[in-house]
file target.cif (mmCIF, C-alpha atoms and all ligand atoms)
data_entry
#
loop_
_atom_site.label_atom_id
_atom_site.label_comp_id
_atom_site.auth_asym_id
_atom_site.auth_seq_id
_atom_site.Cartn_x
_atom_site.Cartn_y
_atom_site.Cartn_z
CA MET A 1 -0.36 22.07 -4.38
CA LYS A 2 -1.14 22.90 -0.79
CA ILE A 3 -0.51 20.05 1.62
CA LEU A 4 -1.50 19.60 5.25
CA VAL A 5 0.65 17.25 7.33
CA ILE A 6 -0.68 16.27 10.74
CA GLY A 7 1.70 15.49 13.59
CA SER A 8 4.73 16.89 15.38
CA GLY A 9 7.44 14.23 15.54
CA GLY A 10 10.59 13.23 13.70
CA ARG A 11 8.51 11.24 11.24
CA GLU A 12 6.51 14.35 10.35
CA HIS A 13 9.66 16.47 10.02
CA ALA A 14 11.06 13.95 7.53
CA ILE A 15 7.74 13.80 5.64
CA VAL A 16 7.52 17.59 5.40
CA TRP A 17 11.18 17.94 4.39
CA LYS A 18 10.73 15.43 1.59
CA LEU A 19 7.37 16.81 0.37
CA ALA A 20 8.79 20.33 0.17
CA GLN A 21 11.46 19.09 -2.29
CA SER A 22 8.80 18.33 -4.87
CA ASP A 23 8.17 20.75 -7.73
CA LEU A 24 4.47 20.03 -7.26
CA CYS A 25 4.61 21.48 -3.77
CA GLU A 26 3.60 25.08 -3.28
CA LYS A 27 3.13 25.02 0.49
CA VAL A 28 3.12 22.55 3.37
CA PHE A 29 1.16 23.35 6.53
CA VAL A 30 2.05 21.24 9.58
CA ALA A 31 -0.30 20.86 12.51
CA PRO A 32 1.22 21.39 14.98
CA GLY A 33 4.81 20.67 13.78
CA ASN A 34 7.98 21.45 15.74
CA ALA A 35 11.04 23.72 15.56
CA GLY A 36 12.46 21.62 12.71
CA THR A 37 9.38 21.82 10.51
CA ALA A 38 9.21 25.58 11.20
CA ASP A 39 12.60 25.91 9.54
CA GLU A 40 11.95 24.04 6.27
CA PRO A 41 11.34 25.90 2.99
CA LYS A 42 7.70 26.29 1.84
CA THR A 43 6.56 25.13 5.28
CA GLU A 44 4.45 26.74 7.98
CA ASN A 45 3.46 25.40 11.40
CA ILE A 46 -0.18 25.74 12.40
CA ASP A 47 -1.06 25.82 16.06
CA LEU A 48 -3.65 23.03 15.97
CA ASN A 49 -3.60 19.82 17.95
CA ALA A 50 -3.30 16.63 15.87
CA GLU A 51 -6.40 15.22 17.58
CA ASP A 52 -8.61 18.30 17.23
CA LEU A 53 -10.41 16.92 14.19
CA ASP A 54 -13.03 19.65 13.83
CA SER A 55 -10.48 22.48 13.83
CA LEU A 56 -8.26 20.58 11.40
CA LEU A 57 -11.21 20.10 9.07
CA ALA A 58 -12.16 23.78 9.26
CA PHE A 59 -8.55 24.72 8.48
CA ALA A 60 -8.29 22.34 5.51
CA LYS A 61 -11.53 23.64 4.02
CA ASN A 62 -10.65 27.24 4.60
CA LYS A 63 -7.19 26.92 3.01
CA GLU A 64 -8.46 24.66 0.22
CA ILE A 65 -5.89 22.01 1.04
CA ASP A 66 -5.24 19.66 -1.89
CA LEU A 67 -3.90 16.72 0.08
CA THR A 68 -3.78 15.85 3.79
CA ILE A 69 -1.23 13.35 5.10
CA VAL A 70 -1.59 12.00 8.63
CA GLY A 71 1.55 11.00 10.55
CA PRO A 72 0.52 9.55 13.94
CA GLU A 73 -1.98 6.82 14.78
CA ALA A 74 -4.24 8.70 17.22
CA PRO A 75 -6.10 10.93 14.70
CA LEU A 76 -6.46 7.94 12.36
CA VAL A 77 -8.00 5.79 15.09
CA LEU A 78 -10.29 8.72 15.97
CA GLY A 79 -11.58 8.79 12.38
CA LEU A 80 -9.90 11.83 10.82
CA ILE A 81 -9.92 10.25 7.37
CA ASP A 82 -13.64 9.41 7.55
CA LEU A 83 -14.40 13.02 8.50
CA PHE A 84 -12.19 14.55 5.78
CA GLU A 85 -13.45 12.20 3.07
CA LYS A 86 -17.05 12.94 4.01
CA ASN A 87 -16.16 16.56 3.30
CA ASN A 88 -14.63 15.68 -0.08
CA LEU A 89 -11.07 16.35 0.97
CA LEU A 90 -8.34 14.19 -0.55
CA CYS A 91 -6.22 12.50 2.10
CA LEU A 92 -3.76 9.71 2.71
CA GLY A 93 -4.29 7.41 5.67
CA PRO A 94 -6.49 4.50 6.71
CA ASN A 95 -10.05 5.18 7.84
CA LYS A 96 -11.27 4.45 11.35
CA LEU A 97 -12.05 0.80 10.69
CA ALA A 98 -8.76 0.13 8.91
CA ALA A 99 -6.82 1.95 11.65
CA GLN A 100 -8.03 -0.77 14.04
CA MET A 101 -5.00 -2.69 12.77
CA GLU A 102 -3.12 -0.58 15.31
CA GLY A 103 -6.02 0.62 17.47
CA SER A 104 -6.97 -2.87 18.63
CA LYS A 105 -4.54 -5.75 19.11
CA ILE A 106 -7.53 -8.12 19.30
CA PHE A 107 -8.80 -6.94 15.90
CA MET A 108 -5.30 -7.20 14.39
CA LYS A 109 -4.69 -10.70 15.75
CA ASP A 110 -8.08 -11.82 14.46
CA VAL A 111 -7.24 -10.54 10.96
CA LEU A 112 -3.99 -12.50 11.10
CA LYS A 113 -5.68 -15.66 12.33
CA LYS A 114 -8.52 -15.61 9.80
CA GLY A 115 -6.12 -14.68 7.01
CA ASN A 116 -3.77 -17.57 7.92
CA ILE A 117 -0.90 -15.17 8.37
CA PRO A 118 2.00 -16.37 10.54
CA THR A 119 2.02 -14.76 13.99
CA ALA A 120 2.51 -15.73 17.66
CA THR A 121 -0.23 -17.98 19.10
CA TYR A 122 -2.42 -16.05 21.53
CA GLU A 123 -5.44 -15.89 23.78
CA VAL A 124 -7.75 -12.96 24.48
CA PHE A 125 -8.75 -12.12 28.07
CA THR A 126 -11.52 -9.82 29.22
CA ASP A 127 -11.26 -10.43 32.96
CA PRO A 128 -8.25 -10.56 35.30
CA GLU A 129 -9.17 -13.88 36.97
CA SER A 130 -8.97 -16.02 33.84
CA ALA A 131 -5.85 -14.14 32.69
CA ARG A 132 -4.23 -14.89 36.05
CA GLU A 133 -5.16 -18.54 35.80
CA PHE A 134 -3.58 -18.72 32.35
CA LEU A 135 -0.40 -17.00 33.52
CA GLU A 136 0.02 -19.43 36.43
CA THR A 137 0.77 -22.29 34.05
CA CYS A 138 1.87 -20.84 30.69
CA ASP A 139 5.40 -21.05 29.26
CA ILE A 140 7.74 -18.20 30.23
CA PRO A 141 8.77 -15.76 28.71
CA ILE A 142 5.29 -14.59 27.80
CA VAL A 143 4.01 -11.38 26.18
CA LEU A 144 1.10 -9.28 27.46
CA LYS A 145 -0.49 -6.69 25.16
CA ALA A 146 -3.10 -4.13 26.10
CA ASP A 147 -5.79 -4.15 23.43
CA GLY A 148 -6.05 -0.39 22.97
CA LEU A 149 -3.66 2.41 21.97
CA ALA A 150 -1.07 2.99 24.68
CA ALA A 151 1.62 5.21 23.15
CA GLY A 152 4.13 2.35 23.00
CA LYS A 153 3.59 1.31 26.63
CA GLY A 154 1.02 -1.42 26.10
CA VAL A 155 3.36 -4.35 25.47
CA ILE A 156 5.16 -6.15 28.26
CA VAL A 157 7.57 -8.98 27.57
CA ALA A 158 7.71 -10.85 30.89
CA PHE A 159 10.76 -13.01 31.58
CA SER A 160 9.42 -14.43 34.85
CA ARG A 161 6.00 -15.48 36.12
CA ASP A 162 6.10 -12.78 38.80
CA GLU A 163 6.77 -10.15 36.19
CA ALA A 164 3.86 -11.43 34.10
CA LEU A 165 1.46 -11.37 37.06
CA GLU A 166 2.64 -7.91 38.02
CA ALA A 167 2.05 -6.68 34.45
CA LEU A 168 -1.43 -8.19 34.47
CA ASN A 169 -2.20 -6.43 37.72
CA SER A 170 -0.96 -3.10 36.48
CA LEU A 171 -2.82 -3.31 33.15
CA MET A 172 -6.12 -4.92 34.10
CA VAL A 173 -6.61 -4.23 37.79
CA GLU A 174 -4.85 -0.92 38.43
CA GLN A 175 -5.66 0.24 34.88
CA LYS A 176 -2.30 2.03 34.54
CA LEU A 177 -3.09 2.61 30.86
CA GLY A 178 -6.74 3.40 31.42
CA THR A 179 -9.28 1.49 29.36
CA ALA A 180 -6.58 0.37 26.88
CA GLY A 181 -5.83 -2.47 29.32
CA ASP A 182 -9.44 -3.61 29.87
CA ASN A 183 -8.89 -6.41 27.37
CA LEU A 184 -5.62 -8.23 26.94
CA VAL A 185 -3.90 -10.32 24.33
CA ILE A 186 -1.47 -12.76 25.91
CA GLU A 187 0.79 -14.32 23.34
CA GLU A 188 3.68 -16.65 22.75
CA TYR A 189 7.18 -15.17 23.04
CA LEU A 190 8.97 -15.19 19.68
CA LYS A 191 12.73 -15.30 19.17
CA GLY A 192 14.66 -13.89 16.24
CA GLU A 193 15.60 -10.55 14.74
CA GLU A 194 13.06 -7.77 14.28
CA ALA A 195 12.56 -5.82 11.07
CA SER A 196 10.14 -3.11 10.03
CA PHE A 197 8.37 -3.69 6.75
CA ILE A 198 6.40 -0.68 5.57
CA VAL A 199 4.16 -0.60 2.52
CA LEU A 200 2.08 2.08 0.85
CA CYS A 201 -1.47 1.07 -0.12
CA ASP A 202 -4.06 2.88 -2.20
CA GLY A 203 -7.06 0.68 -1.40
CA LYS A 204 -6.42 -1.46 -4.48
CA ASN A 205 -2.65 -1.65 -5.02
CA VAL A 206 0.30 -1.94 -2.72
CA ILE A 207 3.98 -1.09 -3.04
CA SER A 208 6.73 -1.90 -0.54
CA LEU A 209 9.03 0.86 0.67
CA ALA A 210 12.73 0.36 1.43
CA SER A 211 13.26 -2.05 4.32
CA SER A 212 14.43 -0.87 7.73
CA GLN A 213 15.16 -1.93 11.27
CA ASP A 214 14.83 0.03 14.47
CA HIS A 215 16.17 -0.44 17.98
CA LYS A 216 13.25 -0.38 20.42
CA GLN A 217 15.13 -0.76 23.71
CA ARG A 218 16.49 2.30 25.44
CA ASP A 219 19.99 1.07 26.23
CA ASP A 220 23.02 -0.19 24.30
CA GLY A 221 23.01 -3.89 23.51
CA ASP A 222 19.20 -3.77 23.08
CA LYS A 223 18.74 -3.68 26.85
CA GLY A 224 16.39 -1.72 29.10
CA PRO A 225 12.76 -0.71 28.66
CA ASN A 226 10.93 -0.55 25.34
CA THR A 227 10.66 2.88 23.74
CA GLY A 228 9.12 4.25 20.56
CA GLY A 229 12.50 3.58 18.92
CA MET A 230 16.00 4.85 19.73
CA GLY A 231 17.35 4.70 16.19
CA ALA A 232 16.82 3.03 12.83
CA TYR A 233 18.59 2.22 9.59
CA SER A 234 17.69 1.38 6.02
CA PRO A 235 18.02 -0.91 4.17
CA ALA A 236 17.78 -3.82 6.62
CA PRO A 237 20.59 -6.22 5.66
CA LEU A 238 18.27 -9.00 6.84
CA ILE A 239 15.65 -8.30 4.15
CA THR A 240 17.07 -9.70 0.93
CA GLU A 241 15.09 -9.36 -2.30
CA GLU A 242 13.92 -12.92 -1.83
CA ILE A 243 12.69 -12.29 1.70
CA ASN A 244 11.03 -9.10 0.50
CA GLU A 245 9.01 -11.12 -1.99
CA GLU A 246 8.18 -13.74 0.60
CA ILE A 247 6.87 -11.07 3.00
CA MET A 248 4.70 -9.53 0.27
CA LYS A 249 3.32 -12.94 -0.73
CA ASP A 250 2.82 -14.56 2.69
CA ILE A 251 2.07 -11.55 4.87
CA ILE A 252 1.15 -8.27 3.17
CA HIS A 253 -1.14 -9.53 0.38
CA PRO A 254 -3.03 -11.97 2.62
CA THR A 255 -3.49 -9.23 5.24
CA LEU A 256 -4.93 -6.81 2.70
CA ALA A 257 -7.11 -9.59 1.28
CA GLU A 258 -8.48 -10.45 4.71
CA LEU A 259 -9.25 -6.78 5.31
CA LYS A 260 -10.97 -6.58 1.93
CA ARG A 261 -13.07 -9.60 2.91
CA ARG A 262 -14.28 -7.43 5.79
CA ASN A 263 -15.04 -4.59 3.34
CA ILE A 264 -11.99 -2.62 4.42
CA ASN A 265 -9.91 -1.17 1.61
CA TYR A 266 -6.69 -0.17 3.31
CA LYS A 267 -5.29 3.16 2.11
CA GLY A 268 -2.12 4.74 3.51
CA PHE A 269 1.06 3.49 5.09
CA LEU A 270 0.92 0.08 6.73
CA TYR A 271 3.74 -0.98 9.01
CA ALA A 272 4.36 -4.65 9.75
CA GLY A 273 6.67 -5.34 12.69
CA LEU A 274 8.22 -8.74 11.91
CA MET A 275 10.18 -11.33 13.83
CA ILE A 276 12.50 -13.23 11.54
CA ASN A 277 14.45 -16.41 12.29
CA GLU A 278 15.78 -19.33 10.25
CA GLN A 279 12.46 -21.12 10.34
CA LYS A 280 9.87 -18.46 9.77
CA ILE A 281 8.83 -14.85 9.38
CA LYS A 282 6.05 -13.92 11.80
CA VAL A 283 4.07 -10.72 12.41
CA LEU A 284 4.61 -9.12 15.83
CA GLU A 285 2.41 -6.12 15.24
CA TYR A 286 0.81 -3.87 12.67
CA ASN A 287 0.87 -0.10 12.82
CA CYS A 288 -1.49 1.99 10.70
CA ARG A 289 1.16 4.57 9.80
CA PHE A 290 4.74 5.20 8.80
CA GLY A 291 7.29 4.24 11.49
CA ASP A 292 9.13 6.65 13.74
CA PRO A 293 12.16 6.72 13.54
CA GLU A 294 12.13 4.43 10.44
CA THR A 295 10.67 7.21 8.25
CA GLN A 296 13.76 9.35 8.72
CA PRO A 297 16.35 6.96 7.18
CA ILE A 298 13.84 5.65 4.62
CA LEU A 299 13.02 9.11 3.27
CA MET A 300 16.72 10.10 3.32
CA ARG A 301 17.13 7.35 0.72
CA MET A 302 14.11 8.12 -1.45
CA LYS A 303 15.03 9.56 -4.84
CA SER A 304 11.50 9.57 -6.27
CA ASP A 305 9.13 12.51 -5.86
CA PHE A 306 7.46 11.76 -2.51
CA LEU A 307 4.56 14.14 -3.05
CA SER A 308 3.73 12.56 -6.39
CA LEU A 309 3.86 9.13 -4.72
CA CYS A 310 1.51 10.18 -1.89
CA LEU A 311 -0.84 11.79 -4.39
CA LYS A 312 -0.97 8.62 -6.48
CA ALA A 313 -1.72 6.58 -3.34
CA ALA A 314 -4.50 8.95 -2.29
CA LYS A 315 -6.04 8.76 -5.80
CA GLN A 316 -5.72 4.97 -6.08
CA GLU A 317 -3.19 5.26 -8.89
CA LEU A 318 -0.29 3.22 -7.50
CA LYS A 319 -0.54 0.52 -10.14
CA GLY A 320 2.81 0.10 -11.93
CA VAL A 321 4.54 2.78 -9.86
CA GLN A 322 8.22 2.19 -9.05
CA ILE A 323 10.13 3.97 -6.31
CA ASN A 324 13.78 4.86 -6.83
CA TRP A 325 16.10 4.56 -3.87
CA ASP A 326 19.58 5.84 -3.15
CA ASP A 327 21.83 2.75 -2.96
CA ARG A 328 23.52 4.12 0.12
CA PHE A 329 22.59 3.23 3.69
CA ALA A 330 20.91 5.74 5.99
CA LEU A 331 21.13 5.54 9.77
CA GLY A 332 19.27 7.69 12.32
CA VAL A 333 20.30 8.17 15.96
CA VAL A 334 17.58 9.35 18.34
CA MET A 335 18.68 11.84 20.99
CA ALA A 336 16.34 11.72 23.99
CA SER A 337 15.65 13.48 27.29
CA LYS A 338 16.99 12.03 30.53
CA GLY A 339 14.28 9.83 32.04
CA TYR A 340 12.64 8.82 28.72
CA PRO A 341 10.60 6.59 28.24
CA GLU A 342 9.37 7.31 31.79
CA LYS A 343 9.23 10.80 33.28
CA TYR A 344 11.43 13.48 31.78
CA GLU A 345 11.81 17.24 31.82
CA THR A 346 11.65 19.55 28.82
CA GLY A 347 12.50 23.16 28.03
CA PHE A 348 16.30 22.89 27.83
CA PRO A 349 18.12 24.95 25.17
CA ILE A 350 19.78 22.76 22.52
CA SER A 351 23.23 23.65 21.16
CA GLY A 352 25.25 22.35 18.21
CA LEU A 353 22.35 22.12 15.77
CA ASN A 354 24.32 23.57 12.85
CA GLY A 355 26.21 20.37 12.00
CA GLU A 356 24.17 19.37 8.95
CA ASN A 357 25.95 18.66 5.66
CA GLU A 358 25.34 16.78 2.38
CA THR A 359 25.28 13.44 4.17
CA THR A 360 23.66 14.38 7.48
CA LYS A 361 20.25 15.77 8.37
CA VAL A 362 19.00 16.64 11.86
CA PHE A 363 15.31 15.75 12.09
CA HIS A 364 13.47 17.27 15.03
CA CYS A 365 11.14 15.07 17.10
CA GLY A 366 10.26 17.03 20.23
CA THR A 367 11.47 20.62 19.94
CA LYS A 368 10.02 24.11 20.06
CA ILE A 369 11.20 27.61 19.32
CA GLU A 370 11.34 30.24 22.03
CA GLY A 371 12.73 33.57 20.89
CA GLU A 372 16.12 32.81 19.36
CA LYS A 373 16.44 29.46 21.09
CA ILE A 374 15.45 25.93 20.22
CA LEU A 375 14.28 24.03 23.29
CA SER A 376 13.75 20.34 24.01
CA ASN A 377 10.04 19.59 24.09
CA GLY A 378 9.57 15.83 24.31
CA GLY A 379 11.02 12.45 25.28
CA ARG A 380 12.56 11.86 21.90
CA VAL A 381 14.03 15.19 20.86
CA LEU A 382 16.09 14.75 17.67
CA CYS A 383 16.90 12.06 15.15
CA VAL A 384 20.28 12.71 13.52
CA THR A 385 20.36 10.81 10.25
CA GLY A 386 23.45 10.10 8.14
CA LEU A 387 23.99 8.60 4.70
CA GLY A 388 26.95 6.44 3.74
CA GLY A 389 28.13 3.87 1.20
CA ASN A 390 27.81 1.18 3.87
CA LEU A 391 26.28 0.91 7.32
CA ASP A 392 29.59 1.82 9.01
CA THR A 393 29.96 5.05 7.05
CA ALA A 394 26.33 6.01 7.66
CA PHE A 395 26.99 5.29 11.35
CA LYS A 396 30.11 7.46 11.37
CA ASN A 397 28.37 10.35 9.62
CA ALA A 398 25.33 10.27 11.89
CA TYR A 399 27.37 10.03 15.11
CA GLU A 400 29.82 12.75 14.09
CA THR A 401 26.98 15.27 14.03
CA THR A 402 25.21 13.72 17.03
CA SER A 403 28.29 14.10 19.23
CA LYS A 404 28.32 17.88 18.67
CA ILE A 405 24.72 18.39 19.82
CA SER A 406 23.89 18.77 23.49
CA TRP A 407 21.41 19.97 26.09
CA ASP A 408 20.92 19.35 29.78
CA GLY A 409 20.13 15.66 30.19
CA ALA A 410 20.52 14.57 26.54
CA PHE A 411 21.32 10.90 25.96
CA TYR A 412 21.52 8.55 23.00
CA ARG A 413 22.48 4.99 22.22
CA LYS A 414 26.01 4.49 20.92
CA ASP A 415 25.33 1.31 18.96
CA ILE A 416 22.57 1.98 16.43
CA GLY A 417 23.02 -0.40 13.48
CA LYS A 418 25.51 -2.60 15.38
CA ARG A 419 22.97 -5.33 16.05
CA ASN A 420 25.04 -8.21 14.72
CA GLN A 421 28.48 -7.11 15.86
P1 LIG B 1 4.43 -4.30 19.60
O1 LIG B 1 3.93 -2.94 19.99
O2 LIG B 1 3.40 -5.34 19.55
O3 LIG B 1 5.34 -4.27 18.43
O4 LIG B 1 5.49 -4.71 20.71
C1 LIG B 1 6.59 -3.90 21.02
C2 LIG B 1 7.84 -4.73 21.08
O5 LIG B 1 7.68 -5.80 22.01
C3 LIG B 1 8.19 -5.41 19.77
O6 LIG B 1 8.88 -4.57 18.92
C4 LIG B 1 9.06 -6.54 20.28
O7 LIG B 1 10.36 -6.10 20.59
C5 LIG B 1 8.38 -6.94 21.56
N1 LIG B 1 7.40 -8.01 21.29
C6 LIG B 1 6.09 -7.88 20.96
N2 LIG B 1 5.51 -9.08 20.78
C7 LIG B 1 6.45 -10.01 20.99
C8 LIG B 1 6.48 -11.44 20.95
N3 LIG B 1 5.38 -12.16 20.68
N4 LIG B 1 7.66 -12.06 21.20
C9 LIG B 1 8.77 -11.36 21.50
N5 LIG B 1 8.81 -10.01 21.56
C10 LIG B 1 7.68 -9.33 21.31
N1 LIG B 2 9.55 2.56 15.50
C1 LIG B 2 8.38 1.88 15.89
C2 LIG B 2 7.14 2.52 15.53
O1 LIG B 2 7.06 3.43 14.75
O2 LIG B 2 6.12 2.08 16.06
#
call {"tool": "encode", "arguments": {"input": "target.cif", "output": "structure tokens"}}
result
Amino acid sequence: MKILVIGSGGREHAIVWKLAQSDLCEKVFVAPGNAGTADEPKTENIDLNAEDLDSLLAFAKNKEIDLTIVGPEAPLVLGLIDLFEKNNLLCLGPNKLAAQMEGSKIFMKDVLKKGNIPTATYEVFTDPESAREFLETCDIPIVLKADGLAAGKGVIVAFSRDEALEALNSLMVEQKLGTAGDNLVIEEYLKGEEASFIVLCDGKNVISLASSQDHKQRDDGDKGPNTGGMGAYSPAPLITEEINEEIMKDIIHPTLAELKRRNINYKGFLYAGLMINEQKIKVLEYNCRFGDPETQPILMRMKSDFLSLCLKAAKQELKGVQINWDDRFALGVVMASKGYPEKYETGFPISGLNGENETTKVFHCGTKIEGEKILSNGGRVLCVTGLGGNLDTAFKNAYETTSKISWDGAFYRKDIGKRNQ
């Protein structure tokens, strides 16, 4: 089979790496990919932007692609799946309407409310005056969320009233995130421990993947600004089998049912960001895709044929399917560019990339090839992922390789997976 994977991050590198291991796989094209995907067997990077839908369609038709898998949210929200399906191409991902689960916080919160799914209480604001009035008297901390896609920058957890008012000003008045901030969700601050719960849906059936947790803050001790994720591990010790069942019953199934009620049959990966405490499990967010960096440790642990799984999901044949997982833990450490998640420079040669072994894989997030060199090419640059019999061994394996890799301005957190220690 010929597969097209769309995207260029660590998630896509892991997806491509795992697909290429399948006997069913003849060739994987990646648009646009990175230096890591360029180096995988059976794989070829294609110089097409992930949001250039027309060129991607022309390519898929021309190459007679058998299955297209979309990594990031932007092409999904733009309607890539609708366009490909209209042209009779088999693909895996939610259509434009379904992708609103990530594309619009207001849509997502409304699905949760109507479906009676536990989440933070919230209000929607469409003008700055009434939002300001609300913020003058609400409980603090408080959480402000831009309605539209904002590349991970649309959520502000304000720990003081001044901070909340400043965030409101920057989102709604100064429009720092463009039109994404025209409408706001302002919601209750939730306490607890976060976990990522990712499922694969085929429009009729749903199957949960291995559990995971990521670290969103930039600095050790879960401090500093929010990022796309500085590291992740799987399984999440927090998600016992019992809790897994509870999440499927109280959150995932009711969400899919509420979508169905709106004539939306969700197909593809669905990512629930959860806040868990002794009392309750609540939804913080939904993403319409696989997580990054969660994909890297999750796929390190997958023993089943990933291509066959994706194919079954695309063809609505997930019923009765079981996924086999490696019992070991996997832990991924993101190496990032100085300045991330704000401004950063790219183009620095990376050294020490040859430290992979049976238990460690270096997934590329933002890299490119120039001549003989591999250069940094993004905020998050690499995700070094290790396997181990327990979280500590996975940690040791991942960090051993991480510590040998360097470039000008590289940094990484030293405490991935150490949340409860
Ligand atoms: P989101 O994009 O909605 O997941 O938000 C990004 C991050 O902000 C989450 O992973 C949480 O760490 C934090 N966050 C979002 N909503 C809340 C909330 N209601 N209470 C506490 N933290 C939150
Ligand atoms: N790791 C968080 C995300 O994929 O959105």
call {"tool": "atom_distance", "arguments": {"input": "target.cif", "atom1": "atom N4 of ligand LIG 1 (chain B)", "atom2": "atom CA of Val157 of chain A"}}
result
7.1 Å
call {"tool": "residues_around", "arguments": {"input": "target.cif", "residues": "Val185 of chain A", "least_positions_apart": "2", "cutoff": "9 Å", "atoms": "all atoms listed in the file", "output": "mmCIF file with C-alpha atoms, in the coordinates of the input"}}
result
data_model
loop_
_atom_site.group_PDB
_atom_site.id
_atom_site.type_symbol
_atom_site.label_atom_id
_atom_site.label_comp_id
_atom_site.auth_asym_id
_atom_site.auth_seq_id
_atom_site.Cartn_x
_atom_site.Cartn_y
_atom_site.Cartn_z
ATOM 1 C CA LYS A 105 -4.540 -5.750 19.110
ATOM 2 C CA ILE A 106 -7.530 -8.120 19.300
ATOM 3 C CA LYS A 109 -4.690 -10.700 15.750
ATOM 4 C CA TYR A 122 -2.420 -16.050 21.530
ATOM 5 C CA GLU A 123 -5.440 -15.890 23.780
ATOM 6 C CA VAL A 124 -7.750 -12.960 24.480
ATOM 7 C CA PHE A 125 -8.750 -12.120 28.070
ATOM 8 C CA VAL A 143 4.010 -11.380 26.180
ATOM 9 C CA LEU A 144 1.100 -9.280 27.460
ATOM 10 C CA LYS A 145 -0.490 -6.690 25.160
ATOM 11 C CA ALA A 146 -3.100 -4.130 26.100
ATOM 12 C CA ASP A 147 -5.790 -4.150 23.430
ATOM 13 C CA ASN A 183 -8.890 -6.410 27.370
ATOM 14 C CA GLU A 187 0.790 -14.320 23.340
#
call {"tool": "residues_near_ligand", "arguments": {"input": "target.cif", "ligand": "ligand LIG 1 (chain B)", "cutoff": "9 Å", "atoms": "all atoms listed in the file", "output": "ChimeraX atom specification"}}
result
/A:102,105,119-122,141-145,152-157,186-192,194-195,214-217,226-229,272-275,283-287
call {"tool": "residues_around", "arguments": {"input": "target.cif", "residues": "Ala336 of chain A", "least_positions_apart": "4", "cutoff": "6 Å", "atoms": "only C-alpha atoms", "output": "PDB file with C-alpha atoms, in the coordinates of the input"}}
result
ATOM      1  CA  GLY A 379      11.020  12.450  25.280  1.00  0.00           C
ATOM      2  CA  ARG A 380      12.560  11.860  21.900  1.00  0.00           C
ATOM      3  CA  VAL A 381      14.030  15.190  20.860  1.00  0.00           C
ATOM      4  CA  ALA A 410      20.520  14.570  26.540  1.00  0.00           C
ATOM      5  CA  PHE A 411      21.320  10.900  25.960  1.00  0.00           C
TER       6      PHE A 411
END
call {"tool": "atom_distance", "arguments": {"input": "target.cif", "atom1": "atom CA of Leu19 of chain A", "atom2": "atom CA of Lys204 of chain A"}}
result
23.4 Å
call {"tool": "atom_distance", "arguments": {"input": "target.cif", "atom1": "atom CA of Lys368 of chain A", "atom2": "atom CA of Val334 of chain A"}}
result
16.7 Å
call {"tool": "build_atoms", "arguments": {"input": "target.cif", "residues": "segment 57-68 of chain A", "atoms": "N, CA and C atoms", "output": "PDB file, in the frame of the given file"}}
result
ATOM      1  N   LEU A  57     -10.313  20.105  10.226  1.00  0.00           N
ATOM      2  CA  LEU A  57     -11.210  20.100   9.070  1.00  0.00           C
ATOM      3  C   LEU A  57     -11.514  21.534   8.623  1.00  0.00           C
ATOM      4  N   ALA A  58     -11.839  22.384   9.586  1.00  0.00           N
ATOM      5  CA  ALA A  58     -12.160  23.780   9.260  1.00  0.00           C
ATOM      6  C   ALA A  58     -10.959  24.430   8.567  1.00  0.00           C
ATOM      7  N   PHE A  59      -9.759  24.154   9.068  1.00  0.00           N
ATOM      8  CA  PHE A  59      -8.550  24.720   8.480  1.00  0.00           C
ATOM      9  C   PHE A  59      -8.366  24.227   7.036  1.00  0.00           C
ATOM     10  N   ALA A  60      -8.508  22.923   6.848  1.00  0.00           N
ATOM     11  CA  ALA A  60      -8.290  22.340   5.510  1.00  0.00           C
ATOM     12  C   ALA A  60      -9.284  22.896   4.500  1.00  0.00           C
ATOM     13  N   LYS A  61     -10.514  23.089   4.937  1.00  0.00           N
ATOM     14  CA  LYS A  61     -11.530  23.640   4.020  1.00  0.00           C
ATOM     15  C   LYS A  61     -11.212  25.092   3.702  1.00  0.00           C
ATOM     16  N   ASN A  62     -10.910  25.815   4.740  1.00  0.00           N
ATOM     17  CA  ASN A  62     -10.650  27.240   4.600  1.00  0.00           C
ATOM     18  C   ASN A  62      -9.453  27.524   3.688  1.00  0.00           C
ATOM     19  N   LYS A  63      -8.409  26.710   3.805  1.00  0.00           N
ATOM     20  CA  LYS A  63      -7.190  26.920   3.010  1.00  0.00           C
ATOM     21  C   LYS A  63      -7.242  26.182   1.677  1.00  0.00           C
ATOM     22  N   GLU A  64      -8.325  25.476   1.433  1.00  0.00           N
ATOM     23  CA  GLU A  64      -8.460  24.660   0.220  1.00  0.00           C
ATOM     24  C   GLU A  64      -7.250  23.746   0.028  1.00  0.00           C
ATOM     25  N   ILE A  65      -7.015  22.949   1.045  1.00  0.00           N
ATOM     26  CA  ILE A  65      -5.890  22.010   1.040  1.00  0.00           C
ATOM     27  C   ILE A  65      -6.129  20.926  -0.025  1.00  0.00           C
ATOM     28  N   ASP A  66      -5.097  20.651  -0.810  1.00  0.00           N
ATOM     29  CA  ASP A  66      -5.240  19.660  -1.890  1.00  0.00           C
ATOM     30  C   ASP A  66      -5.027  18.234  -1.421  1.00  0.00           C
ATOM     31  N   LEU A  67      -4.176  18.066  -0.413  1.00  0.00           N
ATOM     32  CA  LEU A  67      -3.900  16.720   0.080  1.00  0.00           C
ATOM     33  C   LEU A  67      -3.507  16.788   1.557  1.00  0.00           C
ATOM     34  N   THR A  68      -4.127  15.920   2.358  1.00  0.00           N
ATOM     35  CA  THR A  68      -3.780  15.850   3.790  1.00  0.00           C
ATOM     36  C   THR A  68      -3.101  14.520   4.066  1.00  0.00           C
TER      37      THR A  68
END
